Amino acid sequence: LGMTPAQHVVIRPVLENIFSPGEKNSRKYRFTEFLIGKMITEFLDSRRTTGLKMPGDVKAFIFQLFNKLAFDRDVSFEEAEQFVGFQSIVVATGIVGETLPEPFYRFLSSTSRQYTRYVQEFEPYVENMYGNELRRSCAPSSASCVTQATAAILEGIT
């Protein structure tokens with residue numbers, strides 16, 4: 001992810017908080033359980049009329065679910081499908097990109113620009129929820145911990 005060990009120590013608890021449902025029977029756990037059940041029911045009901053395309057629809061739903069749980073952010077199914085398409089490109093790029101000679105890197109620039117746009121889109125949510133904590137704990141001379149945390153979150157969902 002390109003973060004320093006010092007940043008990792010600060011960012012890891014944020015990632016654990018975002019990706020964890022919380023302690024069993026805690027308020028966060030019960031809410032997570034409720035929300036997942038509600039959203040799954042709504043998703044499956046909506047697929048009764050349109051049909052279920054595997055795996056794309058499920059991946060798009062997971063993106064919607066993650067956004068709601070992590071950031072209390074509603075994402076349209078169309079936005080989620082766009083992210084899933086991008087996610088597929090990132091995964092393929094990661095696999096193929098390792099084997100490309102340097103002159104071919106320019107072909108990856110549009111993927112890099114799109115990734116940057118997603119980081120910029122998510123960064124205000126991370127800033128709002130964890131900005132103070134991250135800034136307090138990160139060394140002032142390091143790159144933005146909020147940006148690093150946002151990139152790490154995106155890595156976690158791609």
# chains A, B, ... in the order shown; residues from 1 in each chain; ligands from 1

call {"tool": "residues_around", "arguments": {"residues": "stretch 148-158 of chain A", "least_positions_apart": "5", "cutoff": "7 Å", "atoms": "only C-alpha atoms", "output": "MDAnalysis selection string"}}
result
chainID A and resid 1 3 11 15 87 119 122:123 126

call {"tool": "write_last_selection", "arguments": {"atoms": "N, CA and C atoms", "output": "PDB file, in the first residue's frame"}}
result
ATOM      1  N   LEU A   1       0.808  -1.203   0.000  1.00  0.00           N
ATOM      2  CA  LEU A   1       0.000   0.000   0.000  1.00  0.00           C
ATOM      3  C   LEU A   1       0.845   1.259   0.000  1.00  0.00           C
ATOM      4  N   MET A   3       2.567   2.568   2.541  1.00  0.00           N
ATOM      5  CA  MET A   3       2.599   3.349   3.779  1.00  0.00           C
ATOM      6  C   MET A   3       3.791   2.917   4.616  1.00  0.00           C
ATOM      7  N   ILE A  11      -3.073   3.377  11.067  1.00  0.00           N
ATOM      8  CA  ILE A  11      -4.176   3.118  10.137  1.00  0.00           C
ATOM      9  C   ILE A  11      -4.830   1.757  10.373  1.00  0.00           C
ATOM     10  N   LEU A  15      -8.851   0.477   9.925  1.00  0.00           N
ATOM     11  CA  LEU A  15      -9.303  -0.577   9.010  1.00  0.00           C
ATOM     12  C   LEU A  15     -10.070  -1.659   9.772  1.00  0.00           C
ATOM     13  N   GLN A  87     -13.211  -2.187 -10.339  1.00  0.00           N
ATOM     14  CA  GLN A  87     -12.573  -3.170  -9.465  1.00  0.00           C
ATOM     15  C   GLN A  87     -11.992  -4.317 -10.298  1.00  0.00           C
ATOM     16  N   VAL A 119     -10.243   7.607  -4.595  1.00  0.00           N
ATOM     17  CA  VAL A 119      -9.633   8.032  -3.331  1.00  0.00           C
ATOM     18  C   VAL A 119     -10.179   9.412  -2.957  1.00  0.00           C
ATOM     19  N   PHE A 122     -13.822   9.134  -1.682  1.00  0.00           N
ATOM     20  CA  PHE A 122     -13.986   8.538  -0.363  1.00  0.00           C
ATOM     21  C   PHE A 122     -13.297   9.322   0.749  1.00  0.00           C
ATOM     22  N   GLU A 123     -12.285  10.092   0.403  1.00  0.00           N
ATOM     23  CA  GLU A 123     -11.475  10.772   1.420  1.00  0.00           C
ATOM     24  C   GLU A 123     -12.282  11.658   2.370  1.00  0.00           C
ATOM     25  N   VAL A 126     -13.698   9.449   5.147  1.00  0.00           N
ATOM     26  CA  VAL A 126     -12.656   9.009   6.070  1.00  0.00           C
ATOM     27  C   VAL A 126     -12.235  10.186   6.943  1.00  0.00           C
TER      28      VAL A 126
END

call {"tool": "residues_around", "arguments": {"residues": "stretch 19-33 of chain A", "least_positions_apart": "4", "cutoff": "8 Å", "atoms": "only C-alpha atoms", "output": "PyMOL selection string"}}
result
chain A and resi 15+37+69-70

call {"tool": "closest_residue", "arguments": {"among": "A:Tyr118, A:Phe34, A:Thr4, A:Ile18", "to": "A:Phe66", "atoms": "only C-alpha atoms"}}
result
A:Ile18

call {"tool": "closest_residue", "arguments": {"among": "A:Ser109, A:Ser137, A:Asn128, A:Thr99", "to": "A:Asp72", "atoms": "only C-alpha atoms"}}
result
A:Asn128

call {"tool": "select_by_dssp", "arguments": {"residues": "chain A", "states": "alpha helix (DSSP H)", "output": "number ranges by chain"}}
result
A: 5-19, 27-50, 56-71, 77-97, 109-137, 145-157
